[in-house]
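Participant: Compact mmCIF, C-alpha atoms, saved as model-v6.txt, coming up:
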```
# COMPACT_ATOMS: atom_id res chain seq x y z
CA MET Z 9 -60.97 24.36 -57.56
CA GLN Z 10 -62.26 23.73 -54.06
CA THR Z 11 -61.05 20.14 -54.26
CA SER Z 12 -57.55 21.34 -55.23
CA THR Z 13 -57.49 23.87 -52.38
CA LEU Z 14 -58.69 21.25 -49.93
CA ALA Z 15 -56.07 18.81 -51.13
CA THR Z 16 -53.37 21.45 -50.78
CA ALA Z 17 -54.52 22.33 -47.25
CA LEU Z 18 -54.68 18.66 -46.34
CA THR Z 19 -51.20 18.13 -47.74
CA ILE Z 20 -49.89 21.08 -45.70
CA ILE Z 21 -51.57 19.79 -42.55
CA ILE Z 22 -50.23 16.28 -43.06
CA SER Z 23 -46.76 17.60 -43.91
CA THR Z 24 -46.78 19.85 -40.85
CA GLY Z 25 -47.91 16.92 -38.69
CA ILE Z 26 -45.15 14.74 -40.07
CA VAL Z 27 -42.56 17.47 -39.50
CA LEU Z 28 -43.85 18.00 -35.95
CA CYS Z 29 -43.75 14.27 -35.29
CA LEU Z 30 -40.24 14.02 -36.67
CA SER Z 31 -39.20 17.06 -34.63
CA ILE Z 32 -40.69 15.57 -31.47
CA ALA Z 33 -39.03 12.24 -32.21
CA ILE Z 34 -35.66 13.93 -32.80
CA ILE Z 35 -36.03 15.99 -29.61
CA TYR Z 36 -37.04 12.87 -27.68
CA PHE Z 37 -34.06 10.86 -28.97
CA LEU Z 38 -31.75 13.79 -28.25
CA PHE Z 39 -33.17 13.93 -24.73
CA LEU Z 40 -32.60 10.17 -24.30
CA TYR Z 41 -29.07 10.53 -25.67
CA GLN Z 42 -28.25 13.43 -23.35
CA ARG Z 43 -29.70 11.59 -20.37
CA LYS Z 44 -27.76 8.45 -21.26
CA ARG Z 45 -24.61 10.51 -21.73
CA PHE Z 46 -25.18 12.26 -18.37
CA ARG Z 47 -25.68 8.91 -16.64
CA HIS Z 48 -22.54 7.59 -18.31
CA GLN Z 49 -20.55 10.61 -17.10
CA GLN Z 50 -21.97 10.18 -13.59
CA GLU Z 51 -20.99 6.50 -13.64
CA ILE Z 52 -17.46 7.44 -14.72
CA ILE Z 53 -17.25 10.00 -11.89
CA GLU Z 54 -18.54 7.46 -9.36
CA ILE Z 55 -16.12 4.80 -10.61
CA ARG Z 56 -13.25 7.30 -10.42
CA GLU Z 57 -14.22 8.37 -6.90
CA THR Z 58 -14.56 4.74 -5.80
CA PHE Z 59 -11.17 3.96 -7.33
CA ASN Z 60 -9.54 6.95 -5.64
CA GLN Z 61 -11.13 6.01 -2.32
CA THR Z 62 -10.00 2.39 -2.67
CA LEU Z 63 -6.52 3.56 -3.65
CA LEU Z 64 -6.34 5.86 -0.63
CA GLN Z 65 -7.54 3.06 1.66
CA SER Z 66 -4.86 0.78 0.21
CA LYS Z 67 -2.21 3.44 0.75
CA LEU Z 68 -3.34 3.90 4.35
CA ALA Z 69 -3.30 0.13 4.91
CA ILE Z 70 0.25 -0.07 3.52
CA GLN Z 71 1.23 2.93 5.65
CA GLU Z 72 -0.12 1.25 8.80
CA GLN Z 73 1.77 -1.96 7.96
CA THR Z 74 4.95 0.06 7.48
CA LEU Z 75 4.45 1.94 10.75
CA ASP Z 76 3.80 -1.34 12.56
CA HIS Z 77 7.05 -2.71 11.16
CA ILE Z 78 8.97 0.40 12.23
CA SER Z 79 7.35 0.19 15.67
CA LYS Z 80 8.50 -3.41 16.13
CA GLU Z 81 12.02 -2.55 14.91
CA LEU Z 82 12.25 0.36 17.35
CA HIS Z 83 11.08 -1.79 20.21
CA ALA Z 84 13.21 -4.85 19.39
CA ASN Z 85 16.46 -3.32 18.15
CA PHE Z 86 16.93 0.29 19.20
CA SER Z 87 15.49 -0.22 22.67
CA HIS Z 88 17.79 -3.21 23.12
CA LEU Z 89 20.83 -1.14 22.08
CA VAL Z 90 19.92 1.66 24.50
CA SER Z 91 19.55 -0.92 27.28
CA LEU Z 92 23.04 -2.25 26.53
CA ILE Z 93 24.45 1.29 26.60
CA ASN Z 94 22.85 1.84 30.01
CA ILE Z 95 24.24 -1.46 31.33
CA ASN Z 96 27.74 -0.60 30.09
CA LEU Z 97 27.56 2.83 31.70
CA SER Z 98 26.48 1.25 34.99
CA GLU Z 99 29.54 -1.06 34.89
CA ILE Z 100 31.90 1.80 34.00
CA LEU Z 101 30.57 4.16 36.68
CA PRO Z 102 32.19 2.55 39.81
CA GLN Z 103 35.58 2.35 38.08
CA SER Z 104 35.56 5.92 36.74
CA PRO Z 105 37.40 8.87 38.28
CA ALA Z 106 35.26 11.16 40.42
CA GLU Z 107 35.47 14.02 37.90
CA GLN Z 108 33.92 11.82 35.16
CA ARG Z 109 31.15 10.27 37.21
CA GLU Z 110 28.85 13.26 36.91
CA ASN Z 111 29.06 13.08 33.11
CA ILE Z 112 28.42 9.33 33.13
CA ILE Z 113 25.40 9.77 35.43
CA GLU Z 114 24.07 12.47 33.10
CA THR Z 115 24.62 10.18 30.10
CA LYS Z 116 22.74 7.38 31.89
CA SER Z 117 19.88 9.80 32.52
CA LEU Z 118 19.82 10.76 28.83
CA ALA Z 119 19.87 7.08 27.83
CA LYS Z 120 16.94 6.42 30.15
CA GLN Z 121 15.07 9.36 28.65
CA LEU Z 122 15.86 8.09 25.14
CA MET Z 123 14.49 4.67 26.10
CA SER Z 124 11.29 6.26 27.35
CA GLU Z 125 10.91 8.31 24.14
CA LEU Z 126 11.55 5.25 21.97
CA LYS Z 127 8.88 3.27 23.83
CA ALA Z 128 6.37 6.11 23.48
CA LEU Z 129 7.17 6.54 19.79
CA SER Z 130 6.95 2.81 19.19
CA ALA Z 131 3.55 2.70 20.89
CA ASN Z 132 2.21 5.62 18.84
CA LEU Z 133 3.28 3.92 15.62
CA ASN Z 134 1.72 0.58 16.56
CA THR Z 135 -1.81 0.20 15.19
CA ASP Z 136 -2.80 -2.60 17.58
CA HIS Z 137 -1.67 -0.57 20.58
CA ILE Z 138 -3.71 2.46 19.46
CA ILE Z 139 -6.81 0.29 18.98
CA HIS Z 140 -6.23 -1.25 22.43
CA ILE Z 141 -5.90 2.01 24.37
CA GLY Z 142 -8.34 3.99 22.19
CA PHE Z 143 -8.09 7.27 20.31
CA VAL Z 144 -8.50 9.55 23.34
CA LYS Z 145 -5.66 7.93 25.31
CA ALA Z 146 -3.45 7.82 22.22
CA LEU Z 147 -4.03 11.53 21.61
CA ASP Z 148 -3.32 12.25 25.30
CA ASN Z 149 0.01 10.43 24.94
CA GLU Z 150 0.88 12.41 21.81
CA LEU Z 151 0.08 15.72 23.50
CA SER Z 152 2.06 14.66 26.59
CA ARG Z 153 5.10 14.03 24.38
CA LEU Z 154 4.61 17.51 22.93
CA ALA Z 155 4.39 19.05 26.41
CA LYS Z 156 7.55 17.23 27.57
CA THR Z 157 9.59 19.21 25.03
CA LYS Z 158 8.80 22.28 27.20
CA LYS Z 159 8.44 24.32 24.02
CA TYR Z 160 4.64 24.42 24.15
CA GLU Z 161 1.92 25.10 26.66
CA VAL Z 162 -0.49 22.23 26.04
CA ILE Z 163 -4.13 22.54 27.10
CA ILE Z 164 -6.66 19.68 26.84
CA ALA Z 165 -10.39 20.15 27.44
CA LYS Z 166 -12.98 17.35 27.37
CA SER Z 167 -16.76 17.44 27.67
CA GLY Z 168 -19.56 14.90 27.44
CA GLU Z 169 -19.61 11.18 28.19
CA GLU Z 170 -16.67 9.56 26.42
CA TYR Z 171 -17.34 6.72 23.96
CA ARG Z 172 -15.29 4.67 21.52
CA MET Z 173 -15.56 4.96 17.76
CA LEU Z 174 -15.06 2.32 15.09
CA PRO Z 175 -11.47 0.99 15.40
CA GLU Z 176 -10.48 1.81 11.81
CA HIS Z 177 -11.95 5.29 12.24
CA GLU Z 178 -9.97 5.86 15.43
CA ILE Z 179 -6.76 4.94 13.60
CA ILE Z 180 -7.41 7.37 10.73
CA LEU Z 181 -8.49 10.09 13.17
CA PHE Z 182 -5.36 9.63 15.25
CA ARG Z 183 -3.12 9.79 12.15
CA LEU Z 184 -4.91 13.00 11.13
CA CYS Z 185 -4.18 14.50 14.55
CA GLN Z 186 -0.56 13.38 14.31
CA GLU Z 187 -0.22 15.14 10.96
CA VAL Z 188 -1.85 18.31 12.30
CA LEU Z 189 0.43 18.36 15.35
CA ASN Z 190 3.43 17.61 13.16
CA ASN Z 191 2.56 20.65 11.04
CA VAL Z 192 2.34 22.75 14.22
CA VAL Z 193 5.85 21.66 15.22
CA LYS Z 194 7.28 22.12 11.72
CA TYR Z 195 5.71 25.36 10.55
CA ALA Z 196 3.58 27.16 13.13
CA ARG Z 197 6.26 28.64 15.42
CA ALA Z 198 3.66 28.37 18.18
CA SER Z 199 4.04 28.46 21.95
CA LYS Z 200 0.57 27.20 22.87
CA VAL Z 201 -1.54 24.27 21.63
CA SER Z 202 -5.15 23.89 22.79
CA THR Z 203 -7.18 20.75 22.14
CA SER Z 204 -10.89 20.28 22.76
CA LEU Z 205 -12.84 17.00 22.63
CA THR Z 206 -16.64 17.09 22.79
CA PHE Z 207 -18.71 13.90 23.01
CA SER Z 208 -22.37 14.49 22.22
CA PRO Z 209 -25.24 12.07 21.41
CA ASP Z 210 -25.08 12.87 17.68
CA ARG Z 211 -21.42 13.61 17.00
CA PHE Z 212 -17.86 13.80 18.22
CA ALA Z 213 -16.15 17.17 17.77
CA LEU Z 214 -12.43 17.78 17.97
CA THR Z 215 -10.54 21.06 17.67
CA ILE Z 216 -6.80 21.71 17.68
CA ALA Z 217 -5.73 25.35 17.91
CA ASP Z 218 -2.32 27.01 18.05
CA ASP Z 219 -1.15 30.58 18.52
CA GLY Z 220 1.47 30.35 15.79
CA SER Z 221 2.22 32.33 12.65
CA GLY Z 222 -0.80 31.08 10.70
CA PHE Z 223 -1.05 30.88 6.91
CA ASN Z 224 -3.29 31.53 3.91
CA VAL Z 225 -5.52 28.43 3.67
CA GLU Z 226 -6.57 29.00 0.03
CA ASP Z 227 -2.95 29.36 -1.10
CA ALA Z 228 -1.96 26.25 0.85
CA LEU Z 229 -4.79 24.22 -0.73
CA LYS Z 230 -3.84 25.47 -4.18
CA GLN Z 231 -0.17 24.62 -3.70
CA SER Z 232 -1.09 21.21 -2.30
CA GLY Z 233 -3.15 20.50 -5.43
CA GLU Z 234 -0.53 21.79 -7.85
CA LYS Z 235 2.34 19.90 -6.21
CA GLN Z 236 0.13 16.83 -5.59
CA SER Z 237 1.66 16.75 -2.12
CA THR Z 238 0.43 14.99 0.99
CA GLY Z 239 -0.84 18.26 2.44
CA LEU Z 240 -4.25 19.62 3.30
CA LEU Z 241 -6.00 17.93 0.37
CA ASN Z 242 -4.77 14.53 1.54
CA ILE Z 243 -5.91 15.26 5.10
CA ARG Z 244 -9.37 16.14 3.79
CA LYS Z 245 -9.52 12.95 1.73
CA ARG Z 246 -8.64 10.92 4.81
CA ALA Z 247 -11.32 12.71 6.79
CA ALA Z 248 -13.86 11.90 4.07
CA LEU Z 249 -13.08 8.18 4.47
CA ILE Z 250 -14.57 8.28 7.98
CA ASN Z 251 -17.44 10.64 7.04
CA ALA Z 252 -15.79 13.41 9.01
CA GLU Z 253 -16.13 17.13 8.36
CA PHE Z 254 -12.67 18.70 8.28
CA ASN Z 255 -12.30 22.46 8.46
CA ILE Z 256 -9.29 24.69 8.93
CA ALA Z 257 -9.32 28.39 9.72
CA SER Z 258 -6.12 30.40 9.73
CA ARG Z 259 -4.75 33.85 9.08
CA GLU Z 260 -1.17 34.97 8.88
CA GLY Z 261 -0.06 36.09 12.33
CA GLU Z 262 -3.26 34.85 14.02
CA GLY Z 263 -2.68 31.13 14.52
CA THR Z 264 -4.63 28.16 13.18
CA LEU Z 265 -7.80 26.33 14.22
CA VAL Z 266 -8.49 22.81 12.93
CA SER Z 267 -11.90 21.27 13.56
CA ILE Z 268 -13.04 17.71 12.89
CA ASN Z 269 -16.62 16.52 13.35
CA ILE Z 270 -17.63 12.86 13.15
CA PRO Z 271 -21.15 11.42 13.49
CA HIS Z 272 -21.80 9.23 16.54
CA PRO Z 273 -20.66 5.60 16.00
CA GLU Z 274 -24.26 4.34 15.85
CA ILE Z 275 -25.08 6.91 13.16
CA LEU Z 276 -21.93 5.91 11.25
CA LYS Z 277 -22.99 2.25 11.33
CA SER Z 278 -26.30 3.15 9.72
CA LEU Z 279 -24.44 5.18 7.06
CA VAL Z 280 -22.19 2.22 6.26
CA ILE Z 281 -25.18 -0.10 6.01
```
How would this structure read if it were set down as structure tokens?
Facilitator:
Amino acid sequence: MQTSTLATALTIIISTGIVLCLSIAIIYFLFLYQRKRFRHQQEIIEIRETFNQTLLQSKLAIQEQTLDHISKELHANFSHLVSLININLSEILPQSPAEQRENIIETKSLAKQLMSELKALSANLNTDHIIHIGFVKALDNELSRLAKTKKYEVIIAKSGEEYRMLPEHEIILFRLCQEVLNNVVKYARASKVSTSLTFSPDRFALTIADDGSGFNVEDALKQSGEKQSTGLLNIRKRAALINAEFNIASREGEGTLVSINIPHPEILKSLVI
């Protein structure tokens, strides 16, 4: 009887041990499977992000090539045509009646102004020119063009010892600023644009503020995502390419403040490495 009871107890113990071992093995394999699945999902996400980043970089490269082409066309063709118009007007002027001379002189002045605007626009579209003069000078030129319209009060403030950033980063940063300023002109209905540049040992900080109508940022981001437009989401993606923090604060009727922060070039080099 005792032997039978002992055998039964031993059988139960062994069976329980086997069940526990099987349970542990199943749990372990499930854990390995989940971990492998998680890693696989992470790899897919990383591959997708890398692909999107590469795609965006390719788009930006194509965009810069296109802008360079337009810049050369403006400089070579349109500027040449405006020069011919000015020459023709100069030849017509001495032979014109006195009552028409004032209009011809005014037209010559407009042609000269058009030539100046074409040269400035061509320069701002030319990647090599922007790299040559640097981001700060290029932004100064863009803000000067905005001020010349006499529709905006333009204020520029700079602090810290100025330094250059990586050339490709300066190009992307300048294009970001162009898009921000373009949005101000298109939508803000502003009368004042204030820009601040701060050079510090650890970062470069840029802010662009306007006193325009403002907008709901969350709604704009949502619409940009739904329409897959080249709006705020695209600006943020471009900022991410240069490890920049991009923030925008706005309320309807209270204007808009855009801030961009980029690590110092030496810090960026270590991040790239």
Participant: Could you tell me how far CA of Pro175 in chain Z lies from CA of Ile139 in chain Z, in Å and to one decimal?
Facilitator: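 Taking CA of Pro175 in chain Z and CA of Ile139 in chain Z, their separation equals 5.9 Å.
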Participant: Work out how far apart CA of Ala155 in chain Z and CA of Arg211 in chain Z are and give it in Å to one decimal.
Facilitator: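 Computed distance, CA of Ala155 in chain Z to CA of Arg211 in chain Z, equals 28.0 Å.
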Participant: Of the residues Z:Gly168, Z:Gly263, Z:Thr206, Z:Ile180, which is the one nearest to Val192 in chain Z, using all atoms listed in the file?
Facilitator: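 Using all atoms listed in the file, the shortest distance to Val192 in chain Z belongs to Z:Gly263.
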Participant: Can you list, as a ChimeraX atom specification, every protein, DNA or RNA residue that comes within 8 Å of Arg172 in chain Z when you count all atoms listed in the file, leaving out same-chain residues fewer than 3 positions away?
Facilitator: /Z:142-143,273
Participant: Please provide the set of residues having any atom within 6 Å of range 219-233 of chain Z, restricted to only C-alpha atoms, with same-chain residues fewer than 6 positions apart removed, written as a PyMOL selection string.
Facilitator: chain Z and resi 196-198+200+239+258-264
Participant: For Lys159 in chain Z, which of Z:Ala247, Z:Ile268, Z:Val193, Z:Leu126 is the closest residue, counting all atoms listed in the file?
Facilitator: Z:Val193
Participant: Between Z:His177, Z:Leu265, Z:Arg109, Z:Lys194, single out the one closest to Ala217 in chain Z, counting all atoms listed in the file.
Facilitator: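 When distances to Ala217 in chain Z are compared using all atoms listed in the file, the smallest one comes from Z:Leu265.
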